[in-house]
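Content type compact mmCIF, C-alpha atoms, from the file query.txt:
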```
# COMPACT_ATOMS: atom_id res chain seq x y z
CA MET A 1 31.65 -3.63 -37.69
CA ASN A 2 33.47 -0.40 -36.81
CA GLN A 3 30.25 1.56 -37.25
CA LEU A 4 28.42 -0.92 -35.05
CA ARG A 5 31.08 -0.47 -32.36
CA LEU A 6 30.10 3.19 -32.19
CA LEU A 7 26.78 2.00 -30.75
CA GLN A 8 28.45 0.11 -27.89
CA PRO A 9 28.15 2.97 -25.34
CA LEU A 10 24.47 3.31 -26.24
CA PHE A 11 23.90 -0.44 -25.76
CA LEU A 12 25.64 -0.36 -22.38
CA LYS A 13 23.73 2.70 -21.17
CA ALA A 14 20.41 1.23 -22.30
CA SER A 15 21.31 -2.07 -20.63
CA TYR A 16 22.20 -0.29 -17.40
CA PHE A 17 18.95 1.69 -17.42
CA LEU A 18 16.77 -1.38 -18.01
CA ILE A 19 18.44 -3.54 -15.35
CA LEU A 20 18.40 -0.57 -12.95
CA PHE A 21 14.66 -0.17 -13.58
CA TYR A 22 14.16 -3.89 -12.91
CA SER A 23 16.34 -3.87 -9.77
CA PHE A 24 14.77 -0.70 -8.36
CA TRP A 25 11.24 -2.00 -8.82
CA GLY A 26 12.28 -5.09 -6.91
CA LEU A 27 12.78 -2.85 -3.86
CA THR A 28 9.10 -1.87 -3.85
CA THR A 29 6.12 -3.70 -2.42
CA THR A 30 5.00 -4.67 -5.93
CA GLY A 31 8.26 -6.56 -6.58
CA ASN A 32 9.78 -7.31 -9.99
CA LYS A 33 8.24 -10.71 -10.76
CA THR A 34 5.74 -9.60 -13.41
CA VAL A 35 6.13 -10.75 -17.00
CA LEU A 36 6.68 -7.17 -18.19
CA LEU A 37 9.52 -6.53 -15.76
CA LYS A 38 11.13 -9.87 -16.60
CA ALA A 39 10.99 -8.85 -20.27
CA VAL A 40 12.66 -5.54 -19.37
CA PHE A 41 15.41 -7.45 -17.59
CA LEU A 42 15.95 -9.88 -20.48
CA LEU A 43 16.20 -6.98 -22.94
CA GLY A 44 18.75 -5.35 -20.65
CA MET A 45 20.81 -8.55 -20.57
CA LEU A 46 20.60 -8.87 -24.36
CA LEU A 47 21.97 -5.35 -24.79
CA LEU A 48 24.68 -6.20 -22.25
CA VAL A 49 25.75 -9.18 -24.37
CA LEU A 50 25.80 -7.02 -27.52
CA GLY A 51 27.92 -4.45 -25.73
CA PHE A 52 30.34 -7.15 -24.62
CA LEU A 53 30.67 -8.62 -28.12
CA LEU A 54 31.56 -5.17 -29.46
CA ASN A 55 34.33 -4.78 -26.89
CA LYS A 56 37.71 -3.93 -28.40
CA LYS A 57 39.80 -5.21 -25.50
CA PHE A 58 39.36 -8.59 -23.83
CA ARG A 59 42.73 -8.96 -22.10
CA THR A 60 42.70 -6.44 -19.28
CA PRO A 61 43.22 -7.07 -15.54
CA ARG A 62 39.64 -5.94 -14.89
CA ILE A 63 38.10 -8.38 -17.38
CA GLU A 64 40.39 -11.25 -16.38
CA THR A 65 39.66 -10.86 -12.64
CA LEU A 66 35.94 -10.45 -13.12
CA SER A 67 35.83 -13.38 -15.55
CA ILE A 68 37.34 -15.66 -12.89
CA ILE A 69 34.58 -14.60 -10.47
CA ALA A 70 31.90 -15.11 -13.14
CA ILE A 71 33.19 -18.59 -14.03
CA LEU A 72 33.24 -19.64 -10.37
CA VAL A 73 29.72 -18.32 -9.75
CA ILE A 74 28.28 -19.93 -12.92
CA ALA A 75 30.01 -23.26 -12.21
CA ASN A 76 28.61 -23.17 -8.68
CA PHE A 77 25.11 -22.52 -10.04
CA PHE A 78 25.22 -25.36 -12.57
CA TYR A 79 26.67 -27.80 -10.05
CA TYR A 80 23.93 -27.23 -7.49
CA MET A 81 21.13 -26.76 -9.99
CA PHE A 82 21.75 -29.83 -12.14
CA VAL A 83 23.91 -32.18 -10.04
CA VAL A 84 22.97 -31.72 -6.39
CA SER A 85 19.39 -30.44 -6.34
CA LYS A 86 18.19 -31.38 -9.84
CA GLY A 87 16.69 -27.94 -10.45
CA GLY A 88 15.19 -27.51 -7.01
CA THR A 89 17.43 -24.92 -5.42
CA SER A 90 17.34 -21.19 -4.77
CA PHE A 91 20.19 -19.04 -6.03
CA ASP A 92 21.03 -15.34 -5.75
CA TYR A 93 22.08 -13.97 -9.15
CA VAL A 94 22.80 -10.35 -8.16
CA LEU A 95 26.58 -10.68 -8.00
CA LEU A 96 26.60 -12.46 -11.36
CA TYR A 97 24.59 -9.66 -13.02
CA THR A 98 26.98 -7.10 -11.57
CA VAL A 99 30.11 -8.97 -12.67
CA LEU A 100 28.80 -9.59 -16.20
CA TYR A 101 28.00 -5.91 -16.63
CA LEU A 102 31.41 -4.85 -15.35
CA ILE A 103 33.08 -7.27 -17.77
CA ALA A 104 31.17 -5.75 -20.70
CA LEU A 105 31.86 -2.19 -19.56
CA SER A 106 34.16 -0.16 -21.83
CA SER A 107 34.22 2.94 -24.04
CA ILE A 108 31.94 4.78 -21.65
CA GLN A 109 32.29 7.48 -19.02
CA ILE A 110 31.60 6.41 -15.44
CA THR A 111 30.00 9.77 -14.66
CA ASP A 112 27.47 9.18 -17.45
CA LEU A 113 26.28 5.96 -15.82
CA ILE A 114 26.18 7.51 -12.33
CA LYS A 115 24.15 10.45 -13.68
CA LEU A 116 21.80 8.01 -15.39
CA SER A 117 21.40 6.13 -12.12
CA PHE A 118 20.95 9.32 -10.07
CA TYR A 119 18.17 10.85 -12.12
CA THR A 120 16.43 7.54 -12.82
CA LYS A 121 16.31 6.72 -9.11
CA ILE A 122 15.03 10.19 -8.21
CA ILE A 123 12.20 9.94 -10.74
CA MET A 124 11.31 6.38 -9.76
CA ALA A 125 11.42 7.13 -6.01
CA ILE A 126 9.08 10.11 -6.45
CA LEU A 127 6.81 7.99 -8.64
CA VAL A 128 6.64 5.21 -6.04
CA ILE A 129 5.80 7.68 -3.25
CA ILE A 130 3.08 9.32 -5.37
CA LEU A 131 1.57 5.94 -6.25
CA THR A 132 1.59 5.11 -2.54
CA LYS A 133 -0.26 8.30 -1.67
CA PHE A 134 -2.95 7.33 -4.18
CA HIS A 135 -3.06 3.82 -2.64
CA LEU A 136 -1.92 2.20 -5.88
CA ILE A 137 1.11 0.73 -4.09
CA GLN A 138 1.05 -0.58 -0.55
CA ASN A 139 2.67 1.50 2.17
CA LEU A 140 4.19 -1.06 4.52
CA VAL A 141 3.80 0.04 8.14
CA MET A 142 5.99 -1.50 10.82
CA TYR A 143 6.74 -0.78 14.45
CA ARG A 144 9.93 -0.42 16.43
CA GLY A 145 8.58 -0.53 19.93
CA THR A 146 5.71 1.95 19.79
CA THR A 147 7.24 4.03 16.98
CA ILE A 148 5.74 3.73 13.50
CA ARG A 149 7.99 3.00 10.54
CA GLN A 150 6.70 3.60 7.02
CA SER A 151 8.11 2.30 3.73
CA LEU A 152 6.21 4.72 1.42
CA GLY A 153 5.78 2.00 -1.17
CA PHE A 154 9.09 0.21 -0.71
CA TYR A 155 9.34 -3.43 0.36
CA HIS A 156 10.80 -2.44 3.73
CA PRO A 157 11.48 0.95 5.37
CA ASN A 158 15.20 0.10 5.16
CA ASP A 159 14.92 -0.13 1.36
CA LEU A 160 13.80 3.50 1.16
CA GLY A 161 16.68 4.42 3.45
CA ILE A 162 19.11 2.59 1.17
CA VAL A 163 17.77 4.40 -1.91
CA VAL A 164 18.31 7.77 -0.21
CA PHE A 165 21.82 6.73 0.85
CA CYS A 166 22.61 5.78 -2.77
CA LEU A 167 21.23 9.11 -4.00
CA THR A 168 23.37 10.90 -1.41
CA LEU A 169 26.49 9.10 -2.65
CA GLU A 170 25.67 9.87 -6.27
CA CYS A 171 24.79 13.51 -5.67
CA LEU A 172 27.98 14.18 -3.73
CA TYR A 173 30.15 12.38 -6.27
CA LEU A 174 28.65 14.20 -9.25
CA TYR A 175 28.23 17.70 -7.84
CA LEU A 176 30.60 18.06 -4.88
CA LYS A 177 32.46 20.96 -6.52
CA LYS A 178 29.21 22.87 -6.98
CA ILE A 179 27.59 22.08 -3.63
CA ASN A 180 27.80 24.84 -1.00
CA TRP A 181 26.65 24.97 2.62
CA ILE A 182 23.04 25.35 1.52
CA GLY A 183 23.36 22.24 -0.62
CA PHE A 184 24.89 20.25 2.24
CA SER A 185 22.08 21.44 4.52
CA LEU A 186 19.41 20.33 2.03
CA ILE A 187 21.02 16.89 1.56
CA THR A 188 21.24 16.44 5.33
CA ALA A 189 17.64 17.60 5.81
CA VAL A 190 16.34 15.07 3.26
CA ASN A 191 18.20 12.28 5.07
CA ILE A 192 16.78 13.42 8.42
CA LEU A 193 13.27 13.49 6.97
CA ILE A 194 13.59 9.98 5.53
CA TYR A 195 15.01 8.75 8.84
CA TYR A 196 12.02 10.28 10.65
CA VAL A 197 9.66 8.35 8.34
CA THR A 198 11.52 5.02 8.14
CA LEU A 199 13.68 4.87 11.29
CA SER A 200 16.33 3.26 9.08
CA ARG A 201 19.31 3.90 11.31
CA THR A 202 22.02 2.19 9.32
CA SER A 203 21.47 4.01 6.02
CA PHE A 204 21.06 7.29 7.91
CA ILE A 205 24.39 6.79 9.70
CA CYS A 206 26.10 5.87 6.42
CA SER A 207 24.65 8.98 4.76
CA LEU A 208 25.95 11.15 7.60
CA LEU A 209 29.33 9.46 7.23
CA ILE A 210 29.70 10.29 3.52
CA ILE A 211 28.38 13.83 4.12
CA ALA A 212 31.09 14.28 6.79
CA PHE A 213 33.71 12.92 4.37
CA ALA A 214 32.47 15.34 1.69
CA LEU A 215 32.68 18.34 4.04
CA LEU A 216 36.20 17.42 5.13
CA TYR A 217 37.27 16.85 1.54
CA LYS A 218 35.82 20.10 0.23
CA TYR A 219 36.81 22.47 3.04
CA THR A 220 39.98 20.93 4.52
CA ASP A 221 43.03 18.92 3.48
CA ILE A 222 42.72 16.40 6.30
CA LEU A 223 41.61 13.50 4.09
CA LYS A 224 44.50 14.10 1.69
CA THR A 225 47.17 13.48 4.33
CA ASN A 226 49.05 10.18 4.12
CA TYR A 227 48.08 9.36 7.70
CA VAL A 228 44.34 9.55 7.00
CA LYS A 229 44.69 7.70 3.69
CA ARG A 230 46.43 4.87 5.56
CA ILE A 231 43.54 4.76 8.06
CA LEU A 232 40.98 4.57 5.24
CA LEU A 233 42.95 1.85 3.48
CA GLY A 234 43.50 -0.06 6.71
CA ALA A 235 39.76 -0.02 7.39
CA ILE A 236 39.11 -2.08 4.24
CA PRO A 237 40.78 -5.38 5.26
CA LEU A 238 39.54 -4.82 8.81
CA MET A 239 35.91 -4.66 7.61
CA PHE A 240 36.29 -7.75 5.43
CA VAL A 241 37.71 -9.66 8.42
CA LEU A 242 35.14 -8.39 10.93
CA GLY A 243 32.28 -8.86 8.47
CA ALA A 244 32.98 -12.60 8.52
CA ALA A 245 34.62 -13.10 11.92
CA LEU A 246 32.07 -11.39 14.20
CA PRO A 247 29.11 -13.52 13.02
CA TYR A 248 31.31 -16.64 12.95
CA PHE A 249 32.49 -16.24 16.56
CA PHE A 250 29.23 -14.79 17.88
CA ASN A 251 28.35 -16.13 21.33
CA LYS A 252 25.10 -15.12 22.99
CA ASN A 253 26.65 -15.83 26.41
CA ILE A 254 29.29 -13.13 26.00
CA LYS A 255 28.08 -9.61 26.77
CA PHE A 256 30.38 -7.99 24.19
CA PHE A 257 28.72 -9.93 21.38
CA THR A 258 25.16 -9.42 22.61
CA THR A 259 25.67 -5.69 23.08
CA LEU A 260 27.21 -5.35 19.62
CA ASP A 261 24.46 -7.51 18.15
CA ASN A 262 21.81 -5.25 19.69
CA VAL A 263 23.48 -2.23 18.11
CA MET A 264 23.51 -4.07 14.77
CA THR A 265 19.83 -5.08 15.25
CA GLY A 266 20.57 -8.80 15.23
CA ARG A 267 22.81 -8.96 12.14
CA PHE A 268 25.57 -10.91 13.89
CA SER A 269 23.30 -13.48 15.55
CA MET A 270 21.43 -14.06 12.28
CA GLY A 271 24.71 -14.37 10.40
CA HIS A 272 25.90 -16.86 13.02
CA TYR A 273 22.71 -18.89 12.53
CA TYR A 274 23.28 -19.06 8.78
CA ILE A 275 26.94 -20.00 9.18
CA ASN A 276 25.99 -22.85 11.53
CA LYS A 277 23.25 -24.02 9.20
CA TYR A 278 25.12 -23.86 5.88
CA GLY A 279 28.80 -23.72 6.78
CA ILE A 280 31.62 -21.89 5.00
CA SER A 281 32.97 -23.58 1.88
CA LEU A 282 35.56 -22.77 -0.78
CA PHE A 283 33.07 -22.28 -3.60
CA GLY A 284 29.81 -21.56 -1.79
CA HIS A 285 26.32 -23.01 -2.11
CA PRO A 286 22.71 -21.81 -2.35
CA ILE A 287 21.22 -20.39 0.83
CA ALA A 288 17.65 -19.42 1.65
CA ASN A 289 16.85 -15.71 1.59
CA ILE A 290 14.77 -16.10 4.72
CA ILE A 291 14.24 -18.98 7.16
CA TYR A 292 10.98 -19.06 9.14
CA LEU A 293 11.44 -20.69 12.53
CA LYS A 294 8.07 -20.51 14.28
CA LYS A 295 4.95 -18.45 14.75
CA ILE A 296 4.06 -16.75 18.00
CA GLY A 297 0.52 -15.39 17.80
CA PRO A 298 0.36 -13.15 14.71
CA TYR A 299 4.15 -12.85 14.52
CA LEU A 300 6.54 -14.98 12.47
CA ILE A 301 9.98 -15.60 13.95
CA TYR A 302 12.60 -15.79 11.21
CA GLN A 303 16.26 -15.49 10.33
CA LEU A 304 17.72 -13.74 7.28
CA VAL A 305 21.07 -12.52 5.95
CA ASP A 306 21.28 -8.73 5.74
CA SER A 307 25.08 -8.58 5.61
CA ALA A 308 26.72 -8.46 2.17
CA TYR A 309 29.84 -10.02 3.70
CA ILE A 310 27.99 -13.10 4.94
CA ARG A 311 25.89 -13.36 1.78
CA ILE A 312 28.99 -13.42 -0.45
CA LEU A 313 30.93 -15.71 1.88
CA LEU A 314 28.19 -18.35 2.13
CA GLN A 315 26.57 -18.03 -1.30
CA TYR A 316 29.71 -17.64 -3.42
CA GLY A 317 32.39 -19.13 -1.19
CA LEU A 318 35.68 -18.22 0.43
CA VAL A 319 37.59 -18.12 -2.88
CA VAL A 320 35.30 -15.47 -4.42
CA TYR A 321 35.25 -13.58 -1.10
CA LEU A 322 39.06 -13.34 -1.09
CA ILE A 323 39.26 -12.45 -4.80
CA ILE A 324 36.79 -9.60 -4.29
CA PHE A 325 38.74 -8.35 -1.27
CA ILE A 326 42.12 -8.48 -3.00
CA ALA A 327 40.86 -6.83 -6.20
CA LEU A 328 38.95 -4.13 -4.31
CA PHE A 329 41.86 -3.39 -1.98
CA PHE A 330 44.30 -3.18 -4.89
CA ARG A 331 42.04 -0.70 -6.72
CA CYS A 332 41.67 1.37 -3.55
CA LEU A 333 45.46 1.50 -3.24
CA GLN A 334 45.55 2.89 -6.78
CA LEU A 335 42.87 5.46 -5.96
CA ALA A 336 44.84 6.59 -2.92
CA SER A 337 48.10 6.78 -4.90
CA LYS A 338 46.39 9.12 -7.41
CA ASN A 339 44.95 11.20 -4.55
CA LEU A 340 41.36 10.24 -5.44
CA VAL A 341 40.50 10.38 -1.76
CA PHE A 342 36.80 11.13 -2.02
CA GLU A 343 36.34 8.12 -4.29
CA LEU A 344 38.11 6.08 -1.61
CA CYS A 345 35.73 7.51 1.01
CA ILE A 346 32.76 6.42 -1.10
CA ILE A 347 34.02 2.82 -1.17
CA VAL A 348 34.68 2.85 2.59
CA SER A 349 31.14 4.16 3.22
CA ILE A 350 29.64 1.40 1.06
CA LEU A 351 31.72 -1.21 2.92
CA VAL A 352 30.39 0.12 6.24
CA CYS A 353 26.86 -0.21 4.88
CA SER A 354 27.67 -3.79 3.83
CA PHE A 355 27.53 -4.86 7.48
CA PHE A 356 23.81 -4.05 7.42
CA GLU A 357 22.66 -4.50 3.82
CA ARG A 358 23.26 -7.16 1.16
CA THR A 359 22.37 -4.92 -1.81
CA THR A 360 25.70 -3.11 -1.67
CA TYR A 361 27.30 -5.35 -4.31
CA ASN A 362 24.50 -4.58 -6.78
CA VAL A 363 26.07 -2.04 -9.16
CA PHE A 364 22.62 -1.21 -10.54
CA ILE A 365 21.56 0.10 -7.12
CA PHE A 366 24.96 1.25 -5.83
CA SER A 367 26.21 2.90 -9.02
CA THR A 368 29.06 4.62 -7.15
CA LEU A 369 30.80 1.24 -6.98
CA LEU A 370 31.86 2.21 -10.50
CA VAL A 371 34.47 4.60 -9.07
CA LEU A 372 36.57 1.47 -8.54
CA PHE A 373 37.03 1.38 -12.30
CA ILE A 374 38.19 4.94 -12.84
CA ASN A 375 41.01 5.01 -15.39
CA THR A 376 43.91 5.83 -13.09
CA GLU A 377 46.41 5.19 -15.89
CA THR A 378 45.37 8.32 -17.82
CA LEU A 379 44.72 10.47 -14.77
CA GLN A 380 48.08 12.22 -14.69
CA SER A 381 48.13 13.07 -18.38
CA ASN A 382 44.60 14.35 -18.93
CA ASN A 383 42.99 14.51 -15.48
CA ASN A 384 40.28 12.12 -16.66
CA THR A 385 38.68 10.53 -13.62
CA SER A 386 35.68 9.02 -15.28
CA GLY A 387 36.97 6.71 -18.01
CA ILE A 388 37.03 2.93 -17.66
CA ASN A 389 40.17 1.15 -16.52
```

Rewrite the structure from the file as structure tokens, please.
Amino acid sequence: MNQLRLLQPLFLKASYFLILFYSFWGLTTTGNKTVLLKAVFLLGMLLLVLGFLLNKKFRTPRIETLSIIAILVIANFFYYMFVVSKGGTSFDYVLLYTVLYLIALSSIQITDLIKLSFYTKIIMAILVIILTKFHLIQNLVMYRGTTIRQSLGFYHPNDLGIVVFCLTLECLYLYLKKINWIGFSLITAVNILIYYVTLSRTSFICSLLIIAFALLYKYTDILKTNYVKRILLGAIPLMFVLGAALPYFFNKNIKFFTTLDNVMTGRFSMGHYYINKYGISLFGHPIANIIYLKKIGPYLIYQLVDSAYIRILLQYGLVVYLIIFIALFFRCLQLASKNLVFELCIIVSILVCSFFERTTYNVFIFSTLLVLFINTETLQSNNNTSGIN
């Protein structure tokens, strides 16, 4: 058994790679519904279970908190699947996959997983773009006004923007000490190029935000001051409140809301529609990914949830929403207390992106979420910032 436990890190890395491959391919125009990709996912989940069974510690705050979330999500699924809808309902499993993996996670370096994610995503993104150029994958073309937006093989231009934002986060986290002004210029240039192709404003803004944080962290001490750390920490509860409150109180007759909604490209009004349709409950319920309202000529008018805040609140309920906030805020307090300010900036940047994208709680796409689980207990003694807490 002890010899088998030595394989646990390998099982967890292989599981992460396979589920990452499955999740990434789901962002492309080909999707991830083929039998082969489903087999890849099932193999990844099997390795995840093996990794969990080989875990040495089961009574840690991380595992206990995540287990509560997993139990609530699974109970919600079974209740609606077998009691309410008799197998006829739609359910989003992304948070469950993330939580189950984080429960199994141990005896592995966070930087190893982020490196695995970084290089896998780079290779896969290049592969998708090449396949698009050879017309083996569809290049989705959209318009914003008269301006063309291209996806280069991804399901939506915003998905390519999100991938580049994730790569920016990962690159800066892994190699910030080595990156000089030329490196910062190249990273910025890539983001500008992708913005020019996709017109994905939100991911571009979030990339610029983390690049600005990285510059300040590397070349100044501003972010390390207690005043700035308090601002970063204070932004976390504010975003969780606004992420739910602004769509909830949205009123199309009030100019403030309409102006803000235009800036957010309709996220608040669509969130308000979903809240009115499904309501907020303690334990959540299934919600449709997209709701088609009517067709005007060749165009379909629809509503969807792009906000991670609204998706979690409606799908998983107020209890899970509050548990996630409390646990995340507590971990961020620990990061700040250990002066891991750039890690804190990464989480803040992801939370900003969560207003616009629902994929931000997918740890297989946003691997830098793993910085929340840095082993802060051993930091002072051995300066290890990549072990699992």

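Across the model, the gap from CA of Ile71 (chain A) to CA of Ile114 (chain A) is 27.1 Å.
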
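Closest to Leu152 (chain A) among A:Val73, A:Leu131, A:Val341, A:Val371 is A:Leu131, based on only C-alpha atoms.
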
> Which value, in Å to one decimal, gives the distance between CA of Thr188 (chain A) and CA of Tyr119 (chain A)?
Replying inline: 18.6 Å

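One distance worth recording is that between CA of Leu335 (chain A) and CA of Tyr227 (chain A), which is 15.1 Å.
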
> Can you tell me, as a VMD selection string, what residues are no more than 8 Å from Ser207 (chain A) when counting all atoms listed in the file, ignoring any on the same chain fewer than 2 positions away?
Replying inline: chain A and resid 165 168 to 169 191 203 to 205 209 to 211

File of the preceding selection, C-alpha atoms, as a tab-separated table (two decimals), in the coordinates of the input:
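New file selection.tsv:
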```
chain	number	residue	atom	x	y	z
A	165	PHE	CA	21.82	6.73	0.85
A	168	THR	CA	23.37	10.90	-1.41
A	169	LEU	CA	26.49	9.10	-2.65
A	191	ASN	CA	18.20	12.28	5.07
A	203	SER	CA	21.47	4.01	6.02
A	204	PHE	CA	21.06	7.29	7.91
A	205	ILE	CA	24.39	6.79	9.70
A	209	LEU	CA	29.33	9.46	7.23
A	210	ILE	CA	29.70	10.29	3.52
A	211	ILE	CA	28.38	13.83	4.12
```

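Proximity ranking of A:Thr265, A:Ser151, A:Thr259, A:Ser354 relative to Leu27 (chain A) places A:Ser151 first, based on all atoms listed in the file.
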
>> Neighbouring residues of Phe91 (chain A) were defined as those with any atom within 10 Å, considering all atoms listed in the file; residues of the same chain fewer than 6 positions away were excluded. Please report them as number ranges by chain.
In response: A: 76-77, 80-81, 285-289, 315-316

> Pick from A:Phe364, A:Gln8, A:Leu242, A:Leu304: nearest to Tyr292 (chain A), with only C-alpha atoms counted?
Replying inline: A:Leu304

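Considering the residues A:Glu357, A:Asp306, A:Gln150, A:Ile324 and counting all atoms listed in the file, Ile69 (chain A) has its shortest atom-to-atom contact with A:Ile324.
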
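Closest approach to Cys166 (chain A) from the set A:Val363, A:Ala308, A:Ile123, A:Leu10 is made by A:Val363, with distances taken over all atoms listed in the file.
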
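Closest approach to Thr34 (chain A) from the set A:Tyr217, A:Tyr309, A:Phe325, A:Tyr22 is made by A:Tyr22, with distances taken over only C-alpha atoms.
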
> Could you name the residues that touch Ser269 (chain A) at 8 Å or less, counting only C-alpha atoms, but leaving out those on the same chain fewer than 2 positions away, as a ChimeraX atom specification?
Replying inline: /A:247,250,252,261,266-267,271-273

> What would the list of residues within 12 Å of (34.9, -2.3, 3.1) (file frame) look like as number ranges by chain, if all atoms listed in the file are what count?
Replying inline: A: 232-244, 307-309, 324-329, 332, 344-355, 360-361, 369

>> Given the point (32.4, -4.2, -23.7) in the coordinates of this file, which residues lie within 8 Å, counting only C-alpha atoms, and how would they look as JSON, numbers by chain?
In response: {"A": [8, 12, 51, 52, 53, 54, 55, 56, 57, 103, 104, 105, 106, 107]}

>> Residues near Gly284 (chain A), anyone? I mean within 9 Å using only C-alpha atoms, not counting same-chain ones fewer than 3 positions away, as a VMD selection string.
In response: chain A and resid 73 76 279 to 281 312 to 320

Pull out region 92-147 of chain A, keep C-alpha atoms, and write it as a PDB file, in the first residue's frame.
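Dumped everything to out-v4.pdb:
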```
ATOM      1  CA  ASP A  92     -24.074  21.884 -14.551  1.00  0.00           C
ATOM      2  CA  TYR A  93     -21.411  19.576 -13.099  1.00  0.00           C
ATOM      3  CA  VAL A  94     -18.372  21.873 -13.409  1.00  0.00           C
ATOM      4  CA  LEU A  95     -18.275  22.973  -9.771  1.00  0.00           C
ATOM      5  CA  LEU A  96     -18.646  19.358  -8.644  1.00  0.00           C
ATOM      6  CA  TYR A  97     -15.689  18.234 -10.791  1.00  0.00           C
ATOM      7  CA  THR A  98     -13.596  21.059  -9.379  1.00  0.00           C
ATOM      8  CA  VAL A  99     -14.523  20.325  -5.760  1.00  0.00           C
ATOM      9  CA  LEU A 100     -13.921  16.574  -6.108  1.00  0.00           C
ATOM     10  CA  TYR A 101     -10.473  17.179  -7.559  1.00  0.00           C
ATOM     11  CA  LEU A 102      -9.569  19.645  -4.822  1.00  0.00           C
ATOM     12  CA  ILE A 103     -10.681  17.128  -2.191  1.00  0.00           C
ATOM     13  CA  ALA A 104      -8.408  14.461  -3.693  1.00  0.00           C
ATOM     14  CA  LEU A 105      -5.488  16.866  -4.049  1.00  0.00           C
ATOM     15  CA  SER A 106      -2.496  16.139  -1.802  1.00  0.00           C
ATOM     16  CA  SER A 107       1.199  15.202  -1.926  1.00  0.00           C
ATOM     17  CA  ILE A 108       1.711  17.324  -5.014  1.00  0.00           C
ATOM     18  CA  GLN A 109       3.241  20.686  -5.824  1.00  0.00           C
ATOM     19  CA  ILE A 110       0.830  23.363  -7.033  1.00  0.00           C
ATOM     20  CA  THR A 111       3.424  24.729  -9.442  1.00  0.00           C
ATOM     21  CA  ASP A 112       3.633  21.312 -11.120  1.00  0.00           C
ATOM     22  CA  LEU A 113      -0.086  21.377 -11.921  1.00  0.00           C
ATOM     23  CA  ILE A 114       0.009  25.005 -13.106  1.00  0.00           C
ATOM     24  CA  LYS A 115       2.978  24.197 -15.373  1.00  0.00           C
ATOM     25  CA  LEU A 116       1.095  21.189 -16.720  1.00  0.00           C
ATOM     26  CA  SER A 117      -1.910  23.396 -17.407  1.00  0.00           C
ATOM     27  CA  PHE A 118       0.185  26.179 -18.966  1.00  0.00           C
ATOM     28  CA  TYR A 119       2.033  24.061 -21.500  1.00  0.00           C
ATOM     29  CA  THR A 120      -0.955  21.838 -22.289  1.00  0.00           C
ATOM     30  CA  LYS A 121      -3.120  24.874 -23.036  1.00  0.00           C
ATOM     31  CA  ILE A 122      -0.428  26.483 -25.196  1.00  0.00           C
ATOM     32  CA  ILE A 123      -0.042  23.324 -27.290  1.00  0.00           C
ATOM     33  CA  MET A 124      -3.783  22.770 -27.585  1.00  0.00           C
ATOM     34  CA  ALA A 125      -4.499  26.428 -28.459  1.00  0.00           C
ATOM     35  CA  ILE A 126      -1.874  26.368 -31.226  1.00  0.00           C
ATOM     36  CA  LEU A 127      -3.272  23.051 -32.459  1.00  0.00           C
ATOM     37  CA  VAL A 128      -6.827  24.422 -32.595  1.00  0.00           C
ATOM     38  CA  ILE A 129      -5.716  27.522 -34.521  1.00  0.00           C
ATOM     39  CA  ILE A 130      -3.730  25.396 -37.004  1.00  0.00           C
ATOM     40  CA  LEU A 131      -6.690  23.058 -37.535  1.00  0.00           C
ATOM     41  CA  THR A 132      -8.851  26.129 -38.136  1.00  0.00           C
ATOM     42  CA  LYS A 133      -6.465  27.450 -40.773  1.00  0.00           C
ATOM     43  CA  PHE A 134      -6.735  24.111 -42.583  1.00  0.00           C
ATOM     44  CA  HIS A 135     -10.553  24.299 -42.269  1.00  0.00           C
ATOM     45  CA  LEU A 136     -10.681  21.164 -40.129  1.00  0.00           C
ATOM     46  CA  ILE A 137     -12.343  23.140 -37.321  1.00  0.00           C
ATOM     47  CA  GLN A 138     -14.891  25.873 -37.872  1.00  0.00           C
ATOM     48  CA  ASN A 139     -13.809  29.471 -37.365  1.00  0.00           C
ATOM     49  CA  LEU A 140     -16.862  31.157 -35.875  1.00  0.00           C
ATOM     50  CA  VAL A 141     -17.260  34.678 -37.271  1.00  0.00           C
ATOM     51  CA  MET A 142     -19.425  37.189 -35.436  1.00  0.00           C
ATOM     52  CA  TYR A 143     -20.039  40.910 -35.674  1.00  0.00           C
ATOM     53  CA  ARG A 144     -20.065  43.705 -33.143  1.00  0.00           C
ATOM     54  CA  GLY A 145     -21.656  46.444 -35.159  1.00  0.00           C
ATOM     55  CA  THR A 146     -19.667  46.338 -38.392  1.00  0.00           C
ATOM     56  CA  THR A 147     -16.514  44.926 -36.778  1.00  0.00           C
TER      57      THR A 147
END
```
